[in-house]
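What follows is the content of model_10.cif (mmCIF, C-alpha atoms).
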```
data_run
loop_
_atom_site.label_atom_id
_atom_site.label_comp_id
_atom_site.auth_asym_id
_atom_site.auth_seq_id
_atom_site.Cartn_x
_atom_site.Cartn_y
_atom_site.Cartn_z
CA GLY T 20 -193.26 107.52 66.42
CA ARG T 21 -190.77 110.33 65.81
CA LEU T 22 -188.41 111.86 68.35
CA PHE T 23 -186.76 115.23 67.88
CA ASN T 24 -185.45 116.25 71.28
CA ASN T 25 -184.51 115.05 74.71
CA GLN T 26 -187.47 116.38 76.68
CA GLU T 27 -188.48 114.39 79.72
CA THR T 28 -191.95 113.81 78.27
CA ASP T 29 -190.35 112.16 75.25
CA ARG T 30 -188.18 109.98 77.47
CA ARG T 31 -191.14 108.81 79.55
CA GLY T 32 -193.09 107.95 76.42
CA VAL T 33 -190.19 106.08 74.87
CA LYS T 34 -189.52 104.20 78.11
CA HIS T 35 -193.14 103.08 78.33
CA LEU T 36 -193.21 102.02 74.67
CA LEU T 37 -189.98 100.03 74.96
CA GLU T 38 -191.17 98.27 78.09
CA GLU T 39 -194.45 97.31 76.44
CA MET T 40 -192.70 96.02 73.32
CA ALA T 41 -190.38 93.89 75.44
CA LYS T 42 -193.46 92.11 76.84
CA SER T 43 -195.29 91.77 73.53
CA ASN T 44 -195.59 89.08 70.83
CA LEU T 45 -193.53 91.00 68.27
CA GLN T 46 -191.95 89.06 65.44
CA SER T 47 -189.99 91.97 63.94
CA LEU T 48 -188.83 95.29 65.35
CA LEU T 49 -186.99 98.12 63.58
CA LEU T 50 -185.68 101.12 65.52
CA ASP T 51 -184.54 103.45 62.73
CA ASN T 52 -182.74 106.71 63.57
CA TYR T 53 -182.91 105.76 67.23
CA LEU T 54 -181.20 108.67 69.00
CA HIS T 55 -178.06 107.76 70.93
CA HIS T 56 -179.09 109.76 74.01
CA LEU T 57 -182.01 107.35 74.39
CA LEU T 58 -179.83 104.24 74.36
CA ASP T 59 -179.91 104.08 78.15
CA LEU T 60 -183.69 103.60 78.00
CA LEU T 61 -183.39 100.82 75.45
CA ILE T 62 -180.73 99.04 77.47
CA ALA T 63 -182.72 99.41 80.71
CA SER T 64 -185.84 97.94 79.08
CA TRP T 65 -184.26 95.22 76.93
CA ALA T 66 -181.08 94.15 78.73
CA LYS T 67 -180.78 90.34 78.71
CA LYS T 68 -184.31 90.02 77.27
CA ARG T 69 -185.53 88.37 74.09
CA PRO T 70 -189.31 88.19 73.56
CA GLN T 71 -190.45 84.68 72.74
CA TYR T 72 -191.63 85.32 69.19
CA LEU T 73 -189.11 87.96 68.15
CA ARG T 74 -187.12 86.88 65.09
CA LYS T 75 -185.63 90.18 63.90
CA PHE T 76 -184.55 93.19 65.95
CA GLU T 77 -182.80 95.88 63.92
CA LEU T 78 -181.24 98.98 65.51
CA ARG T 79 -179.96 101.91 63.44
CA ILE T 80 -178.28 104.70 65.39
CA PRO T 81 -177.83 108.02 63.54
CA GLY T 82 -174.91 110.39 63.89
CA CYS T 83 -171.47 109.51 65.16
CA LEU T 84 -170.69 108.20 68.64
CA PRO T 85 -167.21 108.51 70.20
CA LEU T 86 -167.00 104.74 70.78
CA VAL T 87 -169.17 101.65 70.69
CA PRO T 88 -171.28 101.84 73.89
CA PRO T 89 -170.00 98.96 76.08
CA ASP T 90 -173.49 98.26 77.49
CA ILE T 91 -174.83 97.51 74.03
CA GLY T 92 -173.63 93.96 74.59
CA SER T 93 -176.58 93.42 76.93
CA LEU T 94 -179.08 93.74 74.06
CA ILE T 95 -179.08 90.01 73.38
CA ALA T 96 -182.16 90.21 71.11
CA LEU T 97 -180.32 92.35 68.53
CA THR T 98 -180.03 90.67 65.14
CA HIS T 99 -179.11 93.69 62.96
CA LEU T 100 -177.05 96.71 64.06
CA HIS T 101 -176.00 99.85 62.18
CA ILE T 102 -173.63 102.09 64.14
CA HIS T 103 -171.15 104.89 63.32
CA VAL T 104 -168.31 105.66 65.73
CA GLU T 105 -165.25 107.89 65.85
CA ALA T 106 -162.95 104.99 66.66
CA VAL T 107 -163.02 101.34 67.61
CA GLU T 108 -161.35 99.80 70.64
CA PRO T 109 -160.99 96.11 71.50
CA GLN T 110 -163.24 95.95 74.56
CA PRO T 111 -166.39 97.58 73.07
CA VAL T 112 -165.96 95.57 69.86
CA HIS T 113 -165.75 92.43 71.97
CA ALA T 114 -169.09 93.48 73.52
CA LEU T 115 -170.58 93.45 70.02
CA GLY T 116 -169.07 90.05 69.39
CA CYS T 117 -170.81 88.68 72.46
CA LEU T 118 -174.27 89.48 71.06
CA PRO T 119 -175.58 85.93 70.60
CA ASN T 120 -178.11 86.63 67.83
CA LEU T 121 -176.30 89.29 65.78
CA VAL T 122 -176.34 88.31 62.09
CA VAL T 123 -175.81 91.69 60.36
CA LEU T 124 -173.37 94.38 61.52
CA ARG T 125 -172.66 97.68 59.79
CA LEU T 126 -169.79 99.40 61.59
CA GLU T 127 -168.84 102.78 60.13
CA LEU T 128 -165.82 104.78 61.21
CA SER T 129 -164.73 108.41 61.14
CA THR T 130 -161.08 107.52 61.66
CA ASP T 131 -158.84 104.86 60.20
CA PRO T 132 -157.77 102.58 63.04
CA THR T 133 -156.53 99.03 62.89
CA LEU T 134 -159.13 96.47 63.97
CA THR T 135 -158.06 92.87 64.37
CA VAL T 136 -160.83 90.30 64.80
CA CYS T 137 -159.89 86.92 66.24
CA GLY T 138 -161.75 83.81 67.31
CA THR T 139 -162.06 84.91 70.94
CA ASP T 140 -163.95 88.08 69.94
CA GLY T 141 -167.19 86.17 69.38
CA PHE T 142 -169.38 87.02 66.37
CA GLN T 143 -170.36 83.36 66.26
CA CYS T 144 -173.60 83.99 64.31
CA LEU T 145 -172.59 86.98 62.19
CA LYS T 146 -173.31 86.44 58.50
CA VAL T 147 -172.98 89.95 57.02
CA PHE T 148 -170.30 92.50 57.97
CA TRP T 149 -170.06 96.00 56.50
CA TYR T 150 -166.93 97.77 57.70
CA GLY T 151 -165.49 101.19 56.98
CA GLY T 152 -167.38 104.28 55.94
CA GLY T 153 -165.86 106.99 53.78
CA GLY T 154 -163.03 104.70 52.80
CA ASN T 155 -161.83 103.91 56.32
CA GLY T 156 -161.79 100.14 56.00
CA ILE T 157 -158.15 99.44 55.27
CA GLY T 158 -157.21 98.68 58.89
CA LEU T 159 -159.31 95.52 59.16
CA ARG T 160 -157.60 92.19 59.91
CA PHE T 161 -159.09 88.72 60.37
CA GLU T 162 -157.22 86.06 62.30
CA VAL T 163 -157.84 82.32 62.38
CA GLY T 164 -161.24 81.56 63.93
CA ALA T 165 -162.70 85.03 63.33
CA MET T 166 -166.39 85.30 62.38
CA PRO T 167 -166.80 81.59 61.57
CA GLN T 168 -170.26 81.98 59.95
CA LEU T 169 -169.55 85.14 57.93
CA ARG T 170 -170.86 84.84 54.37
CA ARG T 171 -170.87 88.40 53.04
CA LEU T 172 -168.22 91.08 53.60
CA ARG T 173 -168.39 94.69 52.47
CA LEU T 174 -165.37 96.98 52.74
CA ASP T 175 -165.13 100.75 52.20
CA LEU T 176 -161.62 101.56 51.01
CA ASP T 177 -159.87 104.82 50.19
CA ALA T 178 -157.80 104.20 47.06
CA ARG T 179 -155.02 106.67 47.86
CA GLU T 180 -154.64 105.74 51.54
CA ALA T 181 -154.76 102.06 50.73
CA MET T 182 -152.07 102.32 48.09
CA LEU T 183 -149.82 104.29 50.46
CA ASN T 184 -150.05 101.34 52.85
CA TYR T 185 -150.04 98.68 50.14
CA GLY T 186 -147.08 96.74 51.48
CA HIS T 187 -148.64 96.44 54.93
CA LEU T 188 -152.19 95.47 53.93
CA GLN T 189 -153.32 91.94 54.71
CA PHE T 190 -157.01 91.46 55.45
CA GLY T 191 -156.77 87.79 56.32
CA ILE T 192 -159.79 86.97 54.15
CA GLN T 193 -158.46 83.43 53.82
CA HIS T 194 -159.40 82.86 57.48
CA LEU T 195 -163.16 83.23 56.82
CA PRO T 196 -164.34 79.65 56.17
CA CYS T 197 -167.92 80.44 55.07
CA LEU T 198 -167.27 83.54 52.95
CA VAL T 199 -169.11 83.54 49.60
CA HIS T 200 -169.32 87.22 48.62
CA VAL T 201 -167.06 90.27 48.96
CA HIS T 202 -168.21 93.76 47.99
CA ALA T 203 -165.47 96.40 47.88
CA ILE T 204 -166.34 100.09 47.56
CA ILE T 205 -163.25 102.01 46.44
CA GLN T 206 -163.45 105.70 47.31
CA CYS T 207 -161.40 108.19 45.30
CA LYS T 208 -161.08 111.96 45.58
CA ASP T 209 -161.67 112.60 41.90
CA ALA T 210 -162.30 110.76 38.67
CA SER T 211 -158.66 111.15 37.57
CA ALA T 212 -157.28 108.75 40.21
CA GLY T 213 -157.31 105.86 37.75
CA THR T 214 -153.90 104.40 38.62
CA GLU T 215 -154.70 104.27 42.32
CA VAL T 216 -158.07 102.65 41.69
CA ASP T 217 -156.56 100.07 39.33
CA GLY T 218 -153.92 99.21 41.89
CA MET T 219 -156.51 98.88 44.63
CA GLU T 220 -158.67 96.62 42.48
CA ALA T 221 -155.71 94.35 41.77
CA PHE T 222 -154.87 94.17 45.46
CA ILE T 223 -158.44 93.28 46.43
CA ARG T 224 -158.58 90.55 43.80
CA ASP T 225 -155.34 89.09 45.13
CA GLN T 226 -156.64 89.12 48.70
CA VAL T 227 -159.97 87.51 47.84
CA SER T 228 -158.25 84.83 45.75
CA LEU T 229 -156.59 83.58 48.95
CA ASN T 230 -159.93 82.32 50.26
CA PRO T 231 -160.44 78.66 49.23
CA ASN T 232 -164.19 79.21 48.72
CA ASP T 233 -163.49 81.37 45.66
CA PRO T 234 -165.95 84.08 46.81
CA VAL T 235 -167.82 86.24 44.33
CA LEU T 236 -166.10 89.63 44.17
CA GLU T 237 -168.01 92.83 43.42
CA ILE T 238 -166.05 96.08 43.07
CA ASN T 239 -167.52 99.56 42.75
CA THR T 240 -165.71 102.89 42.49
CA ARG T 241 -167.18 105.99 44.08
CA VAL T 242 -166.01 109.58 43.66
CA GLN T 243 -166.31 111.29 47.03
CA ARG T 244 -168.62 114.26 47.28
CA SER T 245 -169.62 116.44 50.20
CA VAL T 246 -173.36 116.16 50.58
CA ALA T 247 -175.33 117.64 53.45
CA LYS T 248 -177.86 115.13 54.69
CA ALA T 249 -181.20 116.37 55.93
CA ALA T 250 -182.10 115.61 59.53
CA GLU T 251 -184.46 112.70 60.00
CA GLY T 252 -186.72 111.67 62.81
CA ALA T 253 -186.63 108.36 64.60
CA VAL T 254 -188.85 105.65 63.22
CA ILE T 255 -190.10 102.59 65.07
CA ALA T 256 -191.57 99.82 62.94
CA ILE T 257 -193.05 96.67 64.43
CA HIS T 258 -194.82 93.55 63.22
CA ASN T 259 -197.11 91.71 65.58
CA ARG T 260 -197.53 87.98 65.70
CA GLU T 261 -200.83 86.96 64.16
#
```

Represent the structure from my file as structure tokens, please.
Amino acid sequence: GRLFNNQETDRRGVKHLLEEMAKSNLQSLLLDNYLHHLLDLLIASWAKKRPQYLRKFELRIPGCLPLVPPDIGSLIALTHLHIHVEAVEPQPVHALGCLPNLVVLRLELSTDPTLTVCGTDGFQCLKVFWYGGGGNGIGLRFEVGAMPQLRRLRLDLDAREAMLNYGHLQFGIQHLPCLVHVHAIIQCKDASAGTEVDGMEAFIRDQVSLNPNDPVLEINTRVQRSVAKAAEGAVIAIHNRE
């Protein structure tokens, strides 16, 4: 189905659909472009519930939210989450870490805060973490015990901002015991920023080399462009158990 507004008829229909899906024999569920003003309905229908046969539940929220919704931690069936927020704060991020089945997290930011992840933050099952968005990934720090099952890490880094903070950057990648792959996207304002990009690449290589697993490192450079994205409707995709 596709949702374009917040009319009460839409909300009633979505509520009914979500309630029925929570009682079904679904194996896979994708809520793509699921509008943030309907999150309350999803939480009301799925809080603390995980259908017996559900193996994958992916939620992609369009647009930018002020913060991570704290109640999202009640969606214990979530396995994949894509979310874009203005800023991150410790308590809502801890709510994400408490999701017991979350294996893939894409957390995009509109600002450049410092986020420190430690062992007490949870993320016990997380295997893939994509952090940043538009180059805002330089504030990430891992402490001992953080994300113990993480295998793949993707970082969005702004070359100029990162080099300005070069002396203070320490990702703590060496504290990720299962890491096997790091993908760094280096954003630059124009194609002439070669020195900054080269310096950022060298820094990333040094950081990744600290991890005893010798992870595969993939580096891509991207010249930033302003592109208007067309509006999209919400998509719900499901797979029933046969």

task: Record the distance separating CA of Val122 in chain T and CA of Asp51 in chain T, expressed in Å with one decimal.
output: 17.2 Å

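CA of Ile95 in chain T sits 15.0 Å away from CA of Leu49 in chain T.
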
Expanded to explicit residues, what is the PyMOL selection byres ((chain T and resi 111) around 8) for this file, as a tab-separated table (two decimals) with C-alpha atoms, in the frame of the given file?
```
chain	number	residue	atom	x	y	z
T	86	LEU	CA	-167.00	104.74	70.78
T	87	VAL	CA	-169.17	101.65	70.69
T	88	PRO	CA	-171.28	101.84	73.89
T	89	PRO	CA	-170.00	98.96	76.08
T	107	VAL	CA	-163.02	101.34	67.61
T	108	GLU	CA	-161.35	99.80	70.64
T	109	PRO	CA	-160.99	96.11	71.50
T	110	GLN	CA	-163.24	95.95	74.56
T	112	VAL	CA	-165.96	95.57	69.86
T	113	HIS	CA	-165.75	92.43	71.97
T	114	ALA	CA	-169.09	93.48	73.52
T	115	LEU	CA	-170.58	93.45	70.02
```

Proximity check range 106-131 of chain T to range 68-81 of chain T, 10 Å, nearest pairs one decimal Å, all atoms listed in the file, as JSON lines:
```
{"residue": "T:Asn120", "atom": "CA", "partner": "T:Lys75", "partner_atom": "CA", "distance": 9.2}
{"residue": "T:Leu121", "atom": "CA", "partner": "T:Phe76", "partner_atom": "CA", "distance": 9.1}
{"residue": "T:Val122", "atom": "CA", "partner": "T:Lys75", "partner_atom": "CA", "distance": 9.6}
{"residue": "T:Val123", "atom": "CA", "partner": "T:Glu77", "partner_atom": "CA", "distance": 8.9}
{"residue": "T:Leu124", "atom": "CA", "partner": "T:Glu77", "partner_atom": "CA", "distance": 9.8}
{"residue": "T:Arg125", "atom": "CA", "partner": "T:Arg79", "partner_atom": "CA", "distance": 9.2}
```

Given the PyMOL selection byres ((chain T and resi 61) around 10) and the file above, list the residues it selects as an mmCIF file with C-alpha atoms, in the frame of the given file.
```
data_model
loop_
_atom_site.group_PDB
_atom_site.id
_atom_site.type_symbol
_atom_site.label_atom_id
_atom_site.label_comp_id
_atom_site.auth_asym_id
_atom_site.auth_seq_id
_atom_site.Cartn_x
_atom_site.Cartn_y
_atom_site.Cartn_z
ATOM 1 C CA VAL T 33 -190.190 106.080 74.870
ATOM 2 C CA LYS T 34 -189.520 104.200 78.110
ATOM 3 C CA LEU T 36 -193.210 102.020 74.670
ATOM 4 C CA LEU T 37 -189.980 100.030 74.960
ATOM 5 C CA GLU T 38 -191.170 98.270 78.090
ATOM 6 C CA ALA T 41 -190.380 93.890 75.440
ATOM 7 C CA TYR T 53 -182.910 105.760 67.230
ATOM 8 C CA HIS T 55 -178.060 107.760 70.930
ATOM 9 C CA LEU T 57 -182.010 107.350 74.390
ATOM 10 C CA LEU T 58 -179.830 104.240 74.360
ATOM 11 C CA ASP T 59 -179.910 104.080 78.150
ATOM 12 C CA LEU T 60 -183.690 103.600 78.000
ATOM 13 C CA ILE T 62 -180.730 99.040 77.470
ATOM 14 C CA ALA T 63 -182.720 99.410 80.710
ATOM 15 C CA SER T 64 -185.840 97.940 79.080
ATOM 16 C CA TRP T 65 -184.260 95.220 76.930
ATOM 17 C CA ALA T 66 -181.080 94.150 78.730
ATOM 18 C CA ILE T 91 -174.830 97.510 74.030
ATOM 19 C CA LEU T 94 -179.080 93.740 74.060
#
```

message: Assuming the chain letters and numbering stay as they are in my file, what does the PyMOL selection byres ((chain T and resi 117) around 8) actually select? List them as a list in words.
response: Gly92, His113, Ala114, Leu115, Gly116, Leu118, Pro119, Asp140, Gly141 and Phe142 of chain T

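The interatomic distance for the pair CA of Asp90 in chain T and CA of Leu198 in chain T works out to 29.3 Å.
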
Residues within 8 Å of Val199 in chain T, all atoms listed in the file, excluding chain neighbours under 4 positions, as a PDB file with C-alpha atoms, keeping the file's coordinate frame:
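Result file around24.pdb:
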```pdb
ATOM      1  CA  ARG T 170    -170.860  84.840  54.370  1.00  0.00           C
ATOM      2  CA  ARG T 171    -170.870  88.400  53.040  1.00  0.00           C
ATOM      3  CA  ASN T 232    -164.190  79.210  48.720  1.00  0.00           C
ATOM      4  CA  ASP T 233    -163.490  81.370  45.660  1.00  0.00           C
ATOM      5  CA  PRO T 234    -165.950  84.080  46.810  1.00  0.00           C
ATOM      6  CA  VAL T 235    -167.820  86.240  44.330  1.00  0.00           C
TER       7      VAL T 235
END
```

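Using only C-alpha atoms, the contacts of Val216 in chain T at a cut-off of 8 Å, with sequence neighbours closer than 6 positions omitted, comprise Ala178, Arg179, Ile205, Cys207 and Thr240 of chain T.
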
Ala221 in chain T surroundings by all atoms listed in the file, 12 Å radius, close-in-sequence under 4 positions cut, as a PyMOL selection string: chain T and resi 178+181-182+185+203+205+214-217+225-228+236+238

message: as a PyMOL selection string, please: the residues near Gln189 in chain T (cut-off 12 Å, only C-alpha atoms, same-chain neighbours under 4 positions excluded).
response: chain T and resi 133-135+156-162+181+184-185+193-194+222-223+225-227+229

message: Excluding Gly164 in chain T and its own-chain neighbours fewer than 2 positions away, which residues fall within 9 Å of it when counting all atoms listed in the file? Please give them as a ChimeraX atom specification.
response: /T:136-139,161-162,166-167,194-196

Can you write out the residues you just picked, keeping C-alpha atoms, as an mmCIF file, in the frame of the given file?
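Produced file selection_15.cif, reproduced below:
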```cif
data_model
loop_
_atom_site.group_PDB
_atom_site.id
_atom_site.type_symbol
_atom_site.label_atom_id
_atom_site.label_comp_id
_atom_site.auth_asym_id
_atom_site.auth_seq_id
_atom_site.Cartn_x
_atom_site.Cartn_y
_atom_site.Cartn_z
ATOM 1 C CA VAL T 136 -160.830 90.300 64.800
ATOM 2 C CA CYS T 137 -159.890 86.920 66.240
ATOM 3 C CA GLY T 138 -161.750 83.810 67.310
ATOM 4 C CA THR T 139 -162.060 84.910 70.940
ATOM 5 C CA PHE T 161 -159.090 88.720 60.370
ATOM 6 C CA GLU T 162 -157.220 86.060 62.300
ATOM 7 C CA MET T 166 -166.390 85.300 62.380
ATOM 8 C CA PRO T 167 -166.800 81.590 61.570
ATOM 9 C CA HIS T 194 -159.400 82.860 57.480
ATOM 10 C CA LEU T 195 -163.160 83.230 56.820
ATOM 11 C CA PRO T 196 -164.340 79.650 56.170
#
```

Your completed range 87-111 of chain T with N, CA, C and O atoms, as a PDB file, in the coordinates of the input:
```pdb
ATOM      1  N   VAL T  87    -168.067 102.594  70.546  1.00  0.00           N
ATOM      2  CA  VAL T  87    -169.170 101.650  70.690  1.00  0.00           C
ATOM      3  C   VAL T  87    -169.582 101.621  72.159  1.00  0.00           C
ATOM      4  O   VAL T  87    -168.739 101.378  73.028  1.00  0.00           O
ATOM      5  N   PRO T  88    -170.857 101.881  72.489  1.00  0.00           N
ATOM      6  CA  PRO T  88    -171.280 101.840  73.890  1.00  0.00           C
ATOM      7  C   PRO T  88    -171.064 100.434  74.473  1.00  0.00           C
ATOM      8  O   PRO T  88    -171.590  99.459  73.939  1.00  0.00           O
ATOM      9  N   PRO T  89    -170.299 100.296  75.545  1.00  0.00           N
ATOM     10  CA  PRO T  89    -170.000  98.960  76.080  1.00  0.00           C
ATOM     11  C   PRO T  89    -171.242  98.203  76.535  1.00  0.00           C
ATOM     12  O   PRO T  89    -171.288  96.974  76.451  1.00  0.00           O
ATOM     13  N   ASP T  90    -172.281  98.922  77.003  1.00  0.00           N
ATOM     14  CA  ASP T  90    -173.490  98.260  77.490  1.00  0.00           C
ATOM     15  C   ASP T  90    -174.353  97.693  76.378  1.00  0.00           C
ATOM     16  O   ASP T  90    -175.321  96.981  76.647  1.00  0.00           O
ATOM     17  N   ILE T  91    -174.007  98.006  75.133  1.00  0.00           N
ATOM     18  CA  ILE T  91    -174.830  97.510  74.030  1.00  0.00           C
ATOM     19  C   ILE T  91    -174.768  95.987  73.954  1.00  0.00           C
ATOM     20  O   ILE T  91    -175.653  95.342  73.389  1.00  0.00           O
ATOM     21  N   GLY T  92    -173.751  95.411  74.562  1.00  0.00           N
ATOM     22  CA  GLY T  92    -173.630  93.960  74.590  1.00  0.00           C
ATOM     23  C   GLY T  92    -174.719  93.264  75.375  1.00  0.00           C
ATOM     24  O   GLY T  92    -174.884  92.044  75.264  1.00  0.00           O
ATOM     25  N   SER T  93    -175.491  94.026  76.162  1.00  0.00           N
ATOM     26  CA  SER T  93    -176.580  93.420  76.930  1.00  0.00           C
ATOM     27  C   SER T  93    -177.852  93.258  76.115  1.00  0.00           C
ATOM     28  O   SER T  93    -178.796  92.605  76.563  1.00  0.00           O
ATOM     29  N   LEU T  94    -177.883  93.832  74.905  1.00  0.00           N
ATOM     30  CA  LEU T  94    -179.080  93.740  74.060  1.00  0.00           C
ATOM     31  C   LEU T  94    -179.038  92.425  73.277  1.00  0.00           C
ATOM     32  O   LEU T  94    -178.812  92.397  72.063  1.00  0.00           O
ATOM     33  N   ILE T  95    -179.281  91.337  73.966  1.00  0.00           N
ATOM     34  CA  ILE T  95    -179.080  90.010  73.380  1.00  0.00           C
ATOM     35  C   ILE T  95    -180.080  89.699  72.275  1.00  0.00           C
ATOM     36  O   ILE T  95    -179.864  88.767  71.493  1.00  0.00           O
ATOM     37  N   ALA T  96    -181.165  90.460  72.165  1.00  0.00           N
ATOM     38  CA  ALA T  96    -182.160  90.210  71.110  1.00  0.00           C
ATOM     39  C   ALA T  96    -181.744  90.818  69.776  1.00  0.00           C
ATOM     40  O   ALA T  96    -182.345  90.501  68.748  1.00  0.00           O
ATOM     41  N   LEU T  97    -180.729  91.679  69.771  1.00  0.00           N
ATOM     42  CA  LEU T  97    -180.320  92.350  68.530  1.00  0.00           C
ATOM     43  C   LEU T  97    -179.895  91.332  67.477  1.00  0.00           C
ATOM     44  O   LEU T  97    -179.064  90.460  67.733  1.00  0.00           O
ATOM     45  N   THR T  98    -180.450  91.499  66.273  1.00  0.00           N
ATOM     46  CA  THR T  98    -180.030  90.670  65.140  1.00  0.00           C
ATOM     47  C   THR T  98    -179.332  91.508  64.067  1.00  0.00           C
ATOM     48  O   THR T  98    -178.504  90.989  63.325  1.00  0.00           O
ATOM     49  N   HIS T  99    -179.692  92.792  63.962  1.00  0.00           N
ATOM     50  CA  HIS T  99    -179.110  93.690  62.960  1.00  0.00           C
ATOM     51  C   HIS T  99    -178.736  94.999  63.659  1.00  0.00           C
ATOM     52  O   HIS T  99    -179.559  95.578  64.368  1.00  0.00           O
ATOM     53  N   LEU T 100    -177.512  95.474  63.428  1.00  0.00           N
ATOM     54  CA  LEU T 100    -177.050  96.710  64.060  1.00  0.00           C
ATOM     55  C   LEU T 100    -176.299  97.563  63.058  1.00  0.00           C
ATOM     56  O   LEU T 100    -175.394  97.081  62.369  1.00  0.00           O
ATOM     57  N   HIS T 101    -176.696  98.857  62.984  1.00  0.00           N
ATOM     58  CA  HIS T 101    -176.000  99.850  62.180  1.00  0.00           C
ATOM     59  C   HIS T 101    -175.501 100.928  63.136  1.00  0.00           C
ATOM     60  O   HIS T 101    -176.311 101.591  63.798  1.00  0.00           O
ATOM     61  N   ILE T 102    -174.185 101.135  63.197  1.00  0.00           N
ATOM     62  CA  ILE T 102    -173.630 102.090  64.140  1.00  0.00           C
ATOM     63  C   ILE T 102    -172.413 102.777  63.533  1.00  0.00           C
ATOM     64  O   ILE T 102    -171.637 102.162  62.799  1.00  0.00           O
ATOM     65  N   HIS T 103    -172.255 104.073  63.834  1.00  0.00           N
ATOM     66  CA  HIS T 103    -171.150 104.890  63.320  1.00  0.00           C
ATOM     67  C   HIS T 103    -170.403 105.458  64.517  1.00  0.00           C
ATOM     68  O   HIS T 103    -171.007 106.097  65.385  1.00  0.00           O
ATOM     69  N   VAL T 104    -169.105 105.211  64.582  1.00  0.00           N
ATOM     70  CA  VAL T 104    -168.310 105.660  65.730  1.00  0.00           C
ATOM     71  C   VAL T 104    -167.054 106.378  65.249  1.00  0.00           C
ATOM     72  O   VAL T 104    -166.611 106.218  64.115  1.00  0.00           O
ATOM     73  N   GLU T 105    -166.503 107.195  66.154  1.00  0.00           N
ATOM     74  CA  GLU T 105    -165.250 107.890  65.850  1.00  0.00           C
ATOM     75  C   GLU T 105    -164.096 106.908  65.731  1.00  0.00           C
ATOM     76  O   GLU T 105    -163.239 107.027  64.863  1.00  0.00           O
ATOM     77  N   ALA T 106    -164.058 105.946  66.637  1.00  0.00           N
ATOM     78  CA  ALA T 106    -162.950 104.990  66.660  1.00  0.00           C
ATOM     79  C   ALA T 106    -163.436 103.686  67.270  1.00  0.00           C
ATOM     80  O   ALA T 106    -164.469 103.641  67.939  1.00  0.00           O
ATOM     81  N   VAL T 107    -162.697 102.631  67.019  1.00  0.00           N
ATOM     82  CA  VAL T 107    -163.020 101.340  67.610  1.00  0.00           C
ATOM     83  C   VAL T 107    -161.905 100.924  68.556  1.00  0.00           C
ATOM     84  O   VAL T 107    -160.731 101.157  68.295  1.00  0.00           O
ATOM     85  N   GLU T 108    -162.301 100.329  69.674  1.00  0.00           N
ATOM     86  CA  GLU T 108    -161.350  99.800  70.640  1.00  0.00           C
ATOM     87  C   GLU T 108    -161.714  98.354  70.938  1.00  0.00           C
ATOM     88  O   GLU T 108    -162.878  97.956  70.808  1.00  0.00           O
ATOM     89  N   PRO T 109    -160.742  97.551  71.345  1.00  0.00           N
ATOM     90  CA  PRO T 109    -160.990  96.110  71.500  1.00  0.00           C
ATOM     91  C   PRO T 109    -162.132  95.744  72.425  1.00  0.00           C
ATOM     92  O   PRO T 109    -162.952  94.887  72.095  1.00  0.00           O
ATOM     93  N   GLN T 110    -162.233  96.376  73.590  1.00  0.00           N
ATOM     94  CA  GLN T 110    -163.240  95.950  74.560  1.00  0.00           C
ATOM     95  C   GLN T 110    -164.674  96.185  74.078  1.00  0.00           C
ATOM     96  O   GLN T 110    -165.508  95.272  74.139  1.00  0.00           O
ATOM     97  N   PRO T 111    -165.027  97.390  73.582  1.00  0.00           N
ATOM     98  CA  PRO T 111    -166.390  97.580  73.070  1.00  0.00           C
ATOM     99  C   PRO T 111    -166.705  96.681  71.878  1.00  0.00           C
ATOM    100  O   PRO T 111    -167.833  96.203  71.732  1.00  0.00           O
TER     101      PRO T 111
END
```
